[in-house]
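Enquirer: Once you've had a glance at the structure underneath, I'll fire off some questions.
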Amino acid sequence: MLPKAYDPQGTEDRIYSMWEESGAFTPSTESDKETFTISMPPPNATGQLHLGHAVMLALEDIFIRYERMKGKEALWVPGTDHAAIATENVVIARLQKEGMAHPREELGREELLKRIAAFVETSRDTIRSQVRKMGSSCDWSREAYTMDPTLNRCVNEVFVQMYNDGLIYRGNRIVNWDPNLQTNVSDDEVEHVNRKDPFYWFQYGPFQIGTVRPETKFGDKYVVMHPDDERYREYKHGDTFECEWINGPITATVIKDAAVDPAFGSGCMTITPWHDHTDFEIAQRHKLDYGQIIDFEGKLLSVAGEEFAGLPIEEARPKVLEKLEKKGLVVRVEDNYEHAVAINSRGKGKIEPQVRLQWFIDVNKKVVPWGGKRFGVLSPKKMSLKEVMQTVVNTGDIKIIPEKFNKIYFHWIDNLRDWCISRQIWWGHRVPVFYCTKCGDSSSPESGQYVSVQLLPTCPHCGEFVEQDSDTLDTWFSSALWTWSTLVDKSLTEDYSLSLKDILEKSPDYQRFHPTQVMETGYDILFFWVARMILMTTYATGNIPFETVYLHGLIRTREGKKMSKSDPETCIDPLEIIPKYGADALRLSMILGQSPGNDSRLYDEKIAGYRNFINKLWNASRFVFMQCEEAKVDLHTIAISYQLSADSSLADRALLSALQDLIRDVTEGMEAYRLSDVGERLYSFTWDYFCDWYLELSKGDANPAVLVHALRTLLLLLHPYCPFVTEALWEHCKPQEAPMLLTMPWPEVDAKLHDQEAFNQLQVVIDVISSIRVMRAEQDLEPAKKVNVVIHSKHGSLLENEREHIIRLARLENLTIDGNPQQHENAASTFLQGTEVHMPLEGLVDKEKVRAKLIKEQASLSQFLTGIQAKLNNKTFLSSAPAEVVQGEQEKLTSTQEKLAKIQERLQSLA
RNA sequence: GGGUGGUUAGCUCAGUUGGUCUAGAGCGUCUGGUUUACACCCAGAAGGUCACUGGUUCGACUCCAGUACCACCCACCA
């Protein structure tokens with residue numbers, strides 16, 4: 001016999017190995033079944049499983065398991081990410097801990113990359129096993145990695161193609177430079193944090209200028225103001241003047257530009273184009289000179305003068321201030337000026353804008369012949385990458401769930417600037433561009449510059465050795481190819497005679513499983529990743545990467561804060577939860593009661609609640625097994641399908657009918673991606689209907705065949721949500737020949753078992769019992785006092801042959817019915833004739849209460865009726881509404897009239 | 001500054017095109033209970049003018065407008 005409580009720890013690992021070894025996670029490329037594909041957002045190869053992964057894995061596993069059971073060839077491609085900056089930093093930090101002061105310099109590029117790759121290899125098993133702990137039914141035989149050679153080939157192919165299309169260009173632009181990590185980061189990776197700092201006002205010739213960063217002001221020789229600012233009308237654009245500044249007198253020029261807000265402070269400012277985005281743009285507009293003030297480590301350059309050169313900016317600030325103070329140029333200082341400081345979201349280092357030579361993707365150039373979601377449909381009208389991104393969502397080729405993210409997505413695209421794709425770190429896909437110093441010509445920046453998919457050892461022009469660009473690509477560049485690069489045939493990527501198009505056409509997995517159906521991920525990487533996948537995949541393959549984007553919300557602490565490892569008090573670690581409550585309980589607690597795209601909170605009691613549910617299911621199954629044992633029925637020989645027989649009781653027929661409704665609702669809900677609704681429907685059906693009513697009614701009168709059939713159906717329906725416990729129970733009750741639960745076909749509605757009448761009748765019984773319970777709780781019953789009880793059911797009346805049922809239920813409720821059996825018979829017959837029953841029970845129900853309820857119902861119904869009547873008399877409605885709507889209203893009208901008549905009757909009988 | 005959401009029981013949240021919802025669930029609280037699975041249980045109770053103000057409608061938690069507060073995202077205000 002099974003133990004009283006379900007033990008996840010002793011079950012889950014065994015079940016997972018069983019699944020994995022069976023090969024059921026690996027779909028066939030051969031079959032002609034419809035496919036369903038999900039690409040798993042790859043966790044960091046060196047990372048640890050956190051709740052963000054857990055919720056992603058749970059949702060995707062539900063999708064995949066459902067579709068697999070629906071008979072589709074379901075492929076879930078797992079993988080890991082090389083996480084460029086994060087991984088390189090971890091390895092460097094480790095080396096430094098081991099005593100190596102400057103790992104980059106000491107090891108050199110080749111050796112450091114080897115060390116990083118080795119580190120990834122040794123630590124990747126951790127995340128792999130943690131993904132398994134969640135029950136993820138992904139195809140490990142197709143596991144991918146963003147630094148695979150295959151992916152590198154794809155990256156290079158796309159880069160070269162974009163370069164040749166003029167979509168990738170190199171330019172001196174202002175970038176978000178992180179002096180700590182010695183690299184630039186994309187706009188999306190910059191966070192803005194509000195901070196309070198002193199704000200200084202300086203005299204700059206005849207003007208007053210304000211700044212929080214006096215240390216950047218050495219090279220400022222332009223003063224800018226709004227062209228319409230009346231205060232400065234006397235100054236003309238291009239006027240020059242002499243003025244005293246930090247390191248002596250300078251010549252300054254007046255510039256008029258609309259970027260200046262006249263309402264802010266004095267309405268004029270000086271600019272530092274090399275270290276500020278706005279200033280850079282102003283300088284570009286007016287073709288102004290600009291120079292670097294701060295070096296890439298964050299120290300002042302020689303332009304600051306001997307006194308300050310080489311000083312880190314934090315140290316320089318007070319000294320610059322002191323000097324200006326002495327010169328009498330400080331007008332005033334405002335304390336606590338609130339402004340935003342740019343921070344690198346990876347590593348949290350401060351961003352110092354710098355001008356650097358970088359690679360960019362042009363999002364506005366119209367060169368993409370996008371013609372729809374299928375490959376090969378080319379449009380004569382060329383679009384820009386931006387426009388393609390907009391088009392695929394606009395036309396519905398890609399659907400975003402929840403819908404509200406459409407707006408956010410479009411808004412982001414509207415403000416999208418060219419994407420800076422080069423990074424100054426070593427770990428990543430190296431920019432496939434090669435430079436020949438001999439052929440290079442300073443007057444033409446592109447001379448001596450070659451793009452190449454393959455490593456280019458010598459210059460194709462002069463035969464000299466060439467040097468590869470030292471930068472690597474933004475990690476999102478390679479991630480953006482994820483849905484299809486993981487399906488490319490590895491052997492083909494070694495053949496350099498093939499084009500990317502050839503490779504795709506010859507890759508069986510790509511042909512069969514792409515585009516993918518669902519991209520499920522957190523809304524926080526909609527821009528980083530989802531949008532970039534759309535951009536790159538439509539361009540590179542002529543195909544959309546996925547049909548539906550399902551965005552989940554963030555999991556927060558009980559207090560609503562973001563989970564962070566630094567706060568172990570409130571941070572929930574899935575790896576601690578799984579042994580304690582089981583992966584199934586964790587999955588349910590993250591999915592039920594949540595809506596997509598909204599953040600949710602997770603805490604211990606919530607998970608415990610779902611653990612209780614899992615245990616409830618376990619015990620309900622035990623009960624079923626015990627009933628079978630008692631009846632000496634071998635449950636493995638019971639057929640999977642059930643057919644009604646003459647001796648099927650009301651309870652049986654009602655349950656079977658409710659089960660059909662359940663199958664229908666769950667299936668419809670799954671198709672519409674309403675995961676929370678479906679989960680809650682299953683939860684309440686299992687607990688509130690199956691356990692609380694059907695199993696209770698079975699006591700003393702069990703029908704093993706129905707019990708087993710219902711239990712099996714529930715296990716099938718629940719399997720995507722809680723795969724471990726359902727599979728474990730399935731082992732105990734499956735038909736002999738049936739396979740594992742995960743490969744069982746999804747249950748279908750059996751119309752023959754649908755019996756609404758039986759369901760309604762049982763509902764009457766349930767109402768009766770409930771009323772009696774309420775009555776007993778409400779009233780202090782004096783055993784000696786016998787009174788008539790009126791019970792009302794809103795569900796109609798019982799059939800004659802269900803008399804037995806009532807009697808049995810009354811016994812179940814321990815109701816001491818008056819000793820006179822005839823009287824009880826009478827009560828039951830009364831019940832049969834109407835919807836009220838007079839039973840000589842030990843209680844009393846207030847007739848007035850019932851009356852009040854009925855009157856209220858009557859009032860609301862008649863109002864409803866007036867409404868419909870008005871609608872049906874409205875000519876505009878009749879002419880504009882579709883025929884089926886009008887008919888629906890008519891049906892409502894008749895049914896409401898019938899209901900009103902019934903209420904009338906009841907009221908009369910009460911009087 | 002721009003945008004997007006939220007405001008429903010003590011707490012955490014559902015509520016799919018406006019009407020069979022007399023607004024639900026879980027947790028918590030209270031009362032009673034060891035009845036042929038389950039105390040990780042059973043039966044029941046209390047608890048909500050669905051943020052506020054108007055509007056549309058026969059009818060609004062649901063649609064519209066405005067207000068307040070909260071959250072998040074984006075942004076070059078020195």
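How things are named: the first chain in the structure tokens is A, the next is B, and so on; residues count from 1 in each chain; ligands count from 1 in the order shown.
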With only C-alpha atoms (C1' of nucleotides) as the counted atoms, please give the residues lying no more than 10 Å from A71 (chain B), apart from itself and same-chain residues fewer than 4 positions off, as a ChimeraX atom specification.
Expert: /A:560 /B:5-6
Enquirer: Residues of chain B within 10 Å of chain A, counting only C-alpha atoms (C1' of nucleotides) - could you list those as a PyMOL selection string?
Expert: chain B and resi 3-6+11-14+16+19-20+22+25-27+31-32+35-38+40-45+57-59+71-78
Enquirer: Go through A:Ile413, A:Asn89, A:Ser564, A:Gly428 one by one, measure the shortest atom-to-atom distance of each to Pro103 (chain A) using only C-alpha atoms, and give the residue with the smallest value.
Expert: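 Residue with the minimum atom-to-atom distance to Pro103 (chain A): A:Asn89.
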Enquirer: Mind checking which residues fall within 7 Å of Ile174 (chain A), counting only C-alpha atoms (C1' of nucleotides), ignoring those fewer than 4 positions away in the same chain, and posting them as a list in words?
Expert: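 Close residues of Ile174 (chain A): His277, Pro353, Gln354, Val355 and Arg356 of chain A.
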Enquirer: May I have the selected residues written with N, CA and C atoms, as a PDB file, in the first residue's frame?
Expert:
ATOM      1  N   HIS A 277      25.958  62.468 -24.441  1.00  0.00           N
ATOM      2  CA  HIS A 277      25.171  62.157 -25.638  1.00  0.00           C
ATOM      3  C   HIS A 277      24.589  63.407 -26.296  1.00  0.00           C
ATOM      4  N   PRO A 353      30.195  58.162 -20.805  1.00  0.00           N
ATOM      5  CA  PRO A 353      30.118  58.177 -22.265  1.00  0.00           C
ATOM      6  C   PRO A 353      31.483  58.529 -22.870  1.00  0.00           C
ATOM      7  N   GLN A 354      31.834  57.845 -23.950  1.00  0.00           N
ATOM      8  CA  GLN A 354      33.093  58.075 -24.649  1.00  0.00           C
ATOM      9  C   GLN A 354      32.822  57.969 -26.141  1.00  0.00           C
ATOM     10  N   VAL A 355      33.653  58.626 -26.915  1.00  0.00           N
ATOM     11  CA  VAL A 355      33.549  58.476 -28.364  1.00  0.00           C
ATOM     12  C   VAL A 355      34.527  57.381 -28.778  1.00  0.00           C
ATOM     13  N   ARG A 356      34.027  56.396 -29.492  1.00  0.00           N
ATOM     14  CA  ARG A 356      34.897  55.292 -29.910  1.00  0.00           C
ATOM     15  C   ARG A 356      34.477  54.773 -31.270  1.00  0.00           C
TER      16      ARG A 356
END
Enquirer: Could you give me the residues within region 615-790 of chain A that DSSP places in alpha helix (DSSP H), as a VMD selection string?
Expert: chain A and resid 615 to 630 650 to 671 675 to 684 696 to 698 704 to 718 723 to 733 756 to 778
Enquirer: Between B:G33, B:G18, B:G10, B:G66, single out the one closest to U53 (chain B), counting only C-alpha atoms (C1' of nucleotides).
Expert: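 Closest candidate: B:G66.
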Enquirer: In terms of the shortest atom-to-atom distance over only C-alpha atoms (C1' of nucleotides), which of B:C30, B:A65, B:A9, B:A60 is closest to A46 (chain B)?
Expert: B:C30
Enquirer: Skip Ile578 (chain A) itself and residues of its chain fewer than 5 positions away, then list as a short mmCIF file (atom, residue, chain, number, x, y, z; two decimals) with all heavy atoms, in the first residue's frame all residues within 12 Å of it, counting only C-alpha atoms (C1' of nucleotides).
Expert:
data_model
loop_
_atom_site.label_atom_id
_atom_site.label_comp_id
_atom_site.auth_asym_id
_atom_site.auth_seq_id
_atom_site.Cartn_x
_atom_site.Cartn_y
_atom_site.Cartn_z
N ASP A 7 5.87 11.55 -1.31
CA ASP A 7 7.26 11.93 -1.03
C ASP A 7 7.95 12.32 -2.33
O ASP A 7 8.41 11.48 -3.09
CB ASP A 7 7.99 10.74 -0.39
CG ASP A 7 9.49 10.95 -0.38
OD1 ASP A 7 9.93 12.10 -0.28
OD2 ASP A 7 10.22 9.94 -0.48
N PRO A 8 8.01 13.64 -2.62
CA PRO A 8 8.59 14.06 -3.89
C PRO A 8 10.06 13.69 -4.02
O PRO A 8 10.51 13.29 -5.09
CB PRO A 8 8.41 15.59 -3.89
CG PRO A 8 8.09 15.96 -2.50
CD PRO A 8 7.52 14.76 -1.82
N GLN A 9 10.79 13.81 -2.93
CA GLN A 9 12.23 13.57 -3.01
C GLN A 9 12.56 12.16 -3.46
O GLN A 9 13.50 11.95 -4.21
CB GLN A 9 12.87 13.84 -1.65
CG GLN A 9 13.61 15.15 -1.62
CD GLN A 9 14.45 15.25 -0.37
OE1 GLN A 9 13.93 15.19 0.74
NE2 GLN A 9 15.75 15.39 -0.56
N GLY A 10 11.76 11.22 -2.98
CA GLY A 10 12.04 9.84 -3.33
C GLY A 10 11.47 9.45 -4.70
O GLY A 10 11.63 8.31 -5.14
N THR A 11 10.76 10.38 -5.34
CA THR A 11 10.05 10.04 -6.56
C THR A 11 10.60 10.74 -7.80
O THR A 11 10.79 10.14 -8.84
CB THR A 11 8.56 10.43 -6.42
OG1 THR A 11 8.09 9.95 -5.17
CG2 THR A 11 7.73 9.84 -7.54
N GLU A 12 10.83 12.06 -7.65
CA GLU A 12 11.04 12.89 -8.83
C GLU A 12 12.25 12.49 -9.67
O GLU A 12 12.16 12.39 -10.89
CB GLU A 12 11.13 14.36 -8.41
CG GLU A 12 9.80 14.87 -7.84
CD GLU A 12 9.82 16.34 -7.45
OE1 GLU A 12 10.91 16.93 -7.38
OE2 GLU A 12 8.73 16.89 -7.20
N ASP A 13 13.39 12.27 -9.01
CA ASP A 13 14.59 11.96 -9.78
C ASP A 13 14.44 10.64 -10.54
O ASP A 13 14.84 10.52 -11.70
CB ASP A 13 15.83 11.90 -8.88
CG ASP A 13 16.23 13.29 -8.40
OD1 ASP A 13 15.69 14.27 -8.95
OD2 ASP A 13 17.05 13.38 -7.47
N LEU A 49 20.29 27.93 -11.05
CA LEU A 49 18.86 28.05 -11.31
C LEU A 49 18.22 29.01 -10.32
O LEU A 49 18.40 28.88 -9.12
CB LEU A 49 18.19 26.69 -11.18
CG LEU A 49 16.75 26.60 -11.64
CD1 LEU A 49 16.70 26.37 -13.13
CD2 LEU A 49 16.02 25.49 -10.92
N HIS A 50 17.50 30.00 -10.83
CA HIS A 50 16.73 30.86 -9.93
C HIS A 50 15.26 30.84 -10.34
O HIS A 50 14.89 30.17 -11.30
CB HIS A 50 17.30 32.28 -9.90
CG HIS A 50 17.42 32.93 -11.25
ND1 HIS A 50 16.31 33.30 -11.97
CD2 HIS A 50 18.49 33.23 -12.01
CE1 HIS A 50 16.70 33.83 -13.12
NE2 HIS A 50 18.02 33.79 -13.17
N LEU A 51 14.43 31.61 -9.60
CA LEU A 51 12.99 31.53 -9.84
C LEU A 51 12.60 31.98 -11.24
O LEU A 51 11.62 31.50 -11.78
CB LEU A 51 12.24 32.36 -8.80
CG LEU A 51 12.00 31.63 -7.48
CD1 LEU A 51 11.34 32.56 -6.49
CD2 LEU A 51 11.15 30.38 -7.68
N ALA A 54 12.86 29.05 -13.16
CA ALA A 54 11.87 28.08 -12.71
C ALA A 54 10.51 28.35 -13.35
O ALA A 54 9.85 27.43 -13.84
CB ALA A 54 11.76 28.08 -11.20
N GLN A 130 20.01 21.16 -12.79
CA GLN A 130 18.96 21.95 -12.14
C GLN A 130 17.75 22.13 -13.05
O GLN A 130 16.61 22.18 -12.58
CB GLN A 130 19.54 23.30 -11.71
CG GLN A 130 20.52 23.13 -10.55
CD GLN A 130 21.30 24.39 -10.26
OE1 GLN A 130 21.32 25.33 -11.03
NE2 GLN A 130 21.97 24.40 -9.11
N VAL A 131 18.00 22.22 -14.33
CA VAL A 131 16.88 22.31 -15.28
C VAL A 131 16.08 21.00 -15.22
O VAL A 131 14.84 21.01 -15.27
CB VAL A 131 17.40 22.58 -16.72
CG1 VAL A 131 16.30 22.37 -17.75
CG2 VAL A 131 17.95 24.00 -16.82
N ARG A 132 16.76 19.90 -15.06
CA ARG A 132 16.08 18.60 -14.95
C ARG A 132 15.23 18.53 -13.69
O ARG A 132 14.14 17.95 -13.70
CB ARG A 132 17.10 17.48 -14.92
CG ARG A 132 17.74 17.18 -16.27
CD ARG A 132 18.80 16.09 -16.10
NE ARG A 132 19.23 15.54 -17.37
CZ ARG A 132 20.18 16.05 -18.15
NH1 ARG A 132 20.78 17.17 -17.77
NH2 ARG A 132 20.51 15.47 -19.28
N LYS A 133 15.71 19.15 -12.62
CA LYS A 133 14.99 19.10 -11.34
C LYS A 133 13.57 19.65 -11.47
O LYS A 133 12.67 19.26 -10.73
CB LYS A 133 15.73 19.91 -10.29
CG LYS A 133 16.99 19.26 -9.78
CD LYS A 133 16.70 18.34 -8.63
CE LYS A 133 17.96 17.64 -8.17
NZ LYS A 133 17.66 16.39 -7.45
N MET A 134 13.39 20.60 -12.39
CA MET A 134 12.07 21.21 -12.55
C MET A 134 11.12 20.30 -13.34
O MET A 134 9.96 20.60 -13.48
CB MET A 134 12.18 22.54 -13.28
CG MET A 134 12.68 23.70 -12.43
SD MET A 134 11.62 24.04 -11.02
CE MET A 134 10.11 24.55 -11.84
N GLY A 135 11.66 19.21 -13.87
CA GLY A 135 10.81 18.30 -14.63
C GLY A 135 10.76 18.64 -16.11
O GLY A 135 9.89 18.13 -16.83
N ILE A 572 13.60 33.40 -2.43
CA ILE A 572 13.28 31.99 -2.47
C ILE A 572 14.16 31.29 -3.50
O ILE A 572 14.23 31.71 -4.64
CB ILE A 572 11.78 31.78 -2.79
CG1 ILE A 572 10.97 32.20 -1.57
CG2 ILE A 572 11.49 30.34 -3.15
CD1 ILE A 572 9.49 32.02 -1.71
N ASP A 573 14.85 30.27 -3.06
CA ASP A 573 15.73 29.52 -3.93
C ASP A 573 15.02 28.24 -4.36
O ASP A 573 14.72 27.40 -3.52
CB ASP A 573 17.02 29.21 -3.17
CG ASP A 573 18.01 28.46 -4.05
OD1 ASP A 573 17.65 28.09 -5.17
OD2 ASP A 573 19.14 28.25 -3.58
N ALA A 583 8.89 19.60 -6.92
CA ALA A 583 8.86 20.47 -8.09
C ALA A 583 7.42 20.74 -8.53
O ALA A 583 7.10 21.84 -8.99
CB ALA A 583 9.65 19.84 -9.24
N ASP A 584 6.54 19.75 -8.39
CA ASP A 584 5.15 19.93 -8.80
C ASP A 584 4.50 21.09 -8.05
O ASP A 584 3.84 21.93 -8.65
CB ASP A 584 4.35 18.65 -8.52
CG ASP A 584 4.73 17.52 -9.47
OD1 ASP A 584 5.19 17.82 -10.58
OD2 ASP A 584 4.56 16.35 -9.08
N ALA A 585 4.68 21.11 -6.74
CA ALA A 585 4.08 22.16 -5.93
C ALA A 585 4.65 23.51 -6.32
O ALA A 585 3.92 24.50 -6.43
CB ALA A 585 4.33 21.90 -4.44
N LEU A 586 5.95 23.56 -6.55
CA LEU A 586 6.58 24.82 -6.96
C LEU A 586 5.99 25.30 -8.28
O LEU A 586 5.65 26.47 -8.45
CB LEU A 586 8.09 24.64 -7.08
CG LEU A 586 8.87 25.86 -7.57
CD1 LEU A 586 8.71 27.03 -6.61
CD2 LEU A 586 10.35 25.52 -7.73
N ARG A 587 5.83 24.36 -9.22
CA ARG A 587 5.27 24.73 -10.53
C ARG A 587 3.89 25.33 -10.37
O ARG A 587 3.59 26.40 -10.92
CB ARG A 587 5.20 23.49 -11.43
CG ARG A 587 6.57 22.99 -11.89
CD ARG A 587 6.49 21.58 -12.44
NE ARG A 587 5.71 21.47 -13.64
CZ ARG A 587 6.19 21.08 -14.83
NH1 ARG A 587 7.46 20.72 -14.94
NH2 ARG A 587 5.43 21.02 -15.88
N SER A 589 2.53 26.70 -7.80
CA SER A 589 2.50 27.96 -7.05
C SER A 589 2.95 29.13 -7.90
O SER A 589 2.67 30.28 -7.58
CB SER A 589 3.36 27.85 -5.80
OG SER A 589 4.72 27.69 -6.14
N ASP A 604 6.43 31.03 1.17
CA ASP A 604 6.35 29.66 1.64
C ASP A 604 4.93 29.09 1.74
O ASP A 604 4.66 28.01 1.26
CB ASP A 604 7.02 29.59 3.01
CG ASP A 604 7.98 28.41 3.07
OD1 ASP A 604 8.80 28.28 2.14
OD2 ASP A 604 7.86 27.62 4.01
N ILE A 607 3.36 27.99 -1.53
CA ILE A 607 3.89 26.73 -2.06
C ILE A 607 3.36 25.56 -1.23
O ILE A 607 2.97 24.53 -1.76
CB ILE A 607 5.43 26.74 -2.07
CG1 ILE A 607 5.93 28.00 -2.77
CG2 ILE A 607 5.98 25.50 -2.75
CD1 ILE A 607 7.39 28.29 -2.53
N ALA A 608 3.30 25.76 0.08
CA ALA A 608 2.80 24.71 0.96
C ALA A 608 1.36 24.37 0.59
O ALA A 608 0.96 23.20 0.63
CB ALA A 608 2.89 25.16 2.41
N ARG A 611 1.49 22.14 -2.26
CA ARG A 611 2.00 20.84 -1.80
C ARG A 611 0.82 20.05 -1.22
O ARG A 611 0.66 18.85 -1.47
CB ARG A 611 3.09 21.07 -0.75
CG ARG A 611 3.80 19.82 -0.26
CD ARG A 611 3.13 19.23 1.01
NE ARG A 611 2.64 20.22 1.94
CZ ARG A 611 3.31 20.63 3.00
NH1 ARG A 611 4.50 20.16 3.27
NH2 ARG A 611 2.78 21.51 3.83
N PHE A 724 5.32 15.02 -12.16
CA PHE A 724 5.94 13.95 -11.36
C PHE A 724 4.91 13.11 -10.61
O PHE A 724 4.88 11.90 -10.74
CB PHE A 724 6.93 14.55 -10.36
CG PHE A 724 8.20 15.06 -10.98
CD1 PHE A 724 8.53 16.40 -10.93
CD2 PHE A 724 9.07 14.19 -11.62
CE1 PHE A 724 9.71 16.87 -11.49
CE2 PHE A 724 10.26 14.63 -12.18
CZ PHE A 724 10.58 15.99 -12.12
#
Enquirer: Looking only at the backbone, which of the residues in region 190-305 of chain A does DSSP tag as strand (DSSP E or B), as a ChimeraX atom specification?
Expert: /A:190-204,207-211,222-225,240-245,248-256,268-270,294,299-300
Enquirer: Just to be explicit: take each residue in the selection above, keep C-alpha atoms, and write the result as a CSV table (one decimal), in the first residue's frame.
Expert:
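Below is the file that was written, result-v7.csv:
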chain,number,residue,atom,x,y,z
A,190,VAL,CA,22.1,51.2,-19.3
A,191,GLU,CA,20.1,51.8,-16.2
A,192,HIS,CA,19.3,55.2,-14.8
A,193,VAL,CA,19.5,55.7,-11.1
A,194,ASN,CA,18.3,58.9,-9.4
A,195,ARG,CA,20.9,60.5,-7.2
A,196,LYS,CA,21.3,63.7,-5.3
A,197,ASP,CA,24.5,65.7,-5.9
A,198,PRO,CA,25.6,69.3,-5.5
A,199,PHE,CA,24.9,71.4,-8.5
A,200,TYR,CA,27.4,74.1,-9.3
A,201,TRP,CA,26.9,77.4,-11.1
A,202,PHE,CA,30.0,78.9,-12.7
A,203,GLN,CA,30.7,82.3,-14.4
A,204,TYR,CA,31.6,81.6,-18.0
A,207,PHE,CA,27.1,83.6,-19.0
A,208,GLN,CA,26.3,81.5,-16.1
A,209,ILE,CA,26.5,77.8,-16.6
A,210,GLY,CA,25.5,74.9,-14.4
A,211,THR,CA,26.9,71.4,-14.0
A,222,TYR,CA,31.2,76.4,-26.8
A,223,VAL,CA,28.3,78.0,-25.0
A,224,VAL,CA,24.9,76.9,-26.2
A,225,MET,CA,21.5,78.5,-25.9
A,240,THR,CA,33.3,84.6,-30.1
A,241,PHE,CA,34.5,86.0,-26.8
A,242,GLU,CA,37.4,85.8,-24.4
A,243,CYS,CA,36.9,84.4,-21.0
A,244,GLU,CA,38.8,83.2,-17.9
A,245,TRP,CA,38.4,79.5,-17.4
A,248,GLY,CA,43.5,80.4,-17.9
A,249,PRO,CA,41.9,82.5,-20.6
A,250,ILE,CA,40.2,80.8,-23.5
A,251,THR,CA,38.2,81.8,-26.6
A,252,ALA,CA,34.7,80.6,-26.5
A,253,THR,CA,32.0,80.5,-29.3
A,254,VAL,CA,28.3,81.1,-29.0
A,255,ILE,CA,26.1,78.3,-30.5
A,256,LYS,CA,22.3,78.4,-30.9
A,268,CYS,CA,22.6,78.3,-21.5
A,269,MET,CA,25.2,75.6,-21.1
A,270,THR,CA,28.7,74.7,-22.2
A,294,ILE,CA,38.8,61.5,-19.6
A,299,LYS,CA,41.3,59.4,-15.4
A,300,LEU,CA,41.9,63.0,-16.7
Enquirer: For CA of Glu467 (chain A) and CA of Trp419 (chain A), determine how far apart the two atoms are, in Å to one decimal place.
Expert: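 Between CA of Glu467 (chain A) and CA of Trp419 (chain A) the gap is 24.4 Å.
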Enquirer: For Gly47 (chain A), please output as a ChimeraX atom specification all residues within 7 Å (counting only C-alpha atoms (C1' of nucleotides); exclusion window: fewer than 3 positions along the same chain).
Expert: /A:43-44,127
Enquirer: Restricting it to C-alpha atoms, dump the selection as a CSV table (one decimal), in the first residue's frame.
Expert:
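Final file, again_1.csv:
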chain,number,residue,atom,x,y,z
A,43,PRO,CA,20.3,30.2,-18.9
A,44,ASN,CA,23.9,31.2,-18.3
A,127,ILE,CA,22.6,24.2,-14.5
Enquirer: Calculate how many Å separate CA of Gln761 (chain A) from CA of Asp665 (chain A), rounding to one decimal.
Expert: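 Atom-to-atom, CA of Gln761 (chain A) to CA of Asp665 (chain A), that is 21.2 Å.
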Enquirer: What's around A68 (chain B) at 12 Å? Count only C-alpha atoms (C1' of nucleotides), leave out sequence neighbours fewer than 3 positions away in its own chain, and write the answer as a PyMOL selection string.
Expert: chain B and resi 7+51-53
Enquirer: Any idea what's packed within 12 Å of Pro460 (chain A), counting only C-alpha atoms (C1' of nucleotides), ignoring anything in its chain fewer than 2 positions away? Could you give it as a list in words?
Expert: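 Result of the neighbour search: Phe434, Tyr435, Cys436, Lys438, Cys439, Gly448, Gln449, Tyr450, Val451, Ser452, Leu456, Pro457, Thr458, Cys462, Gly463, Glu464, Phe465 and Val466 of chain A.
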Enquirer: By how many Å are CA of Asp469 (chain A) and CA of Trp427 (chain A) apart?
Expert: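 It comes out at 13.6 Å.
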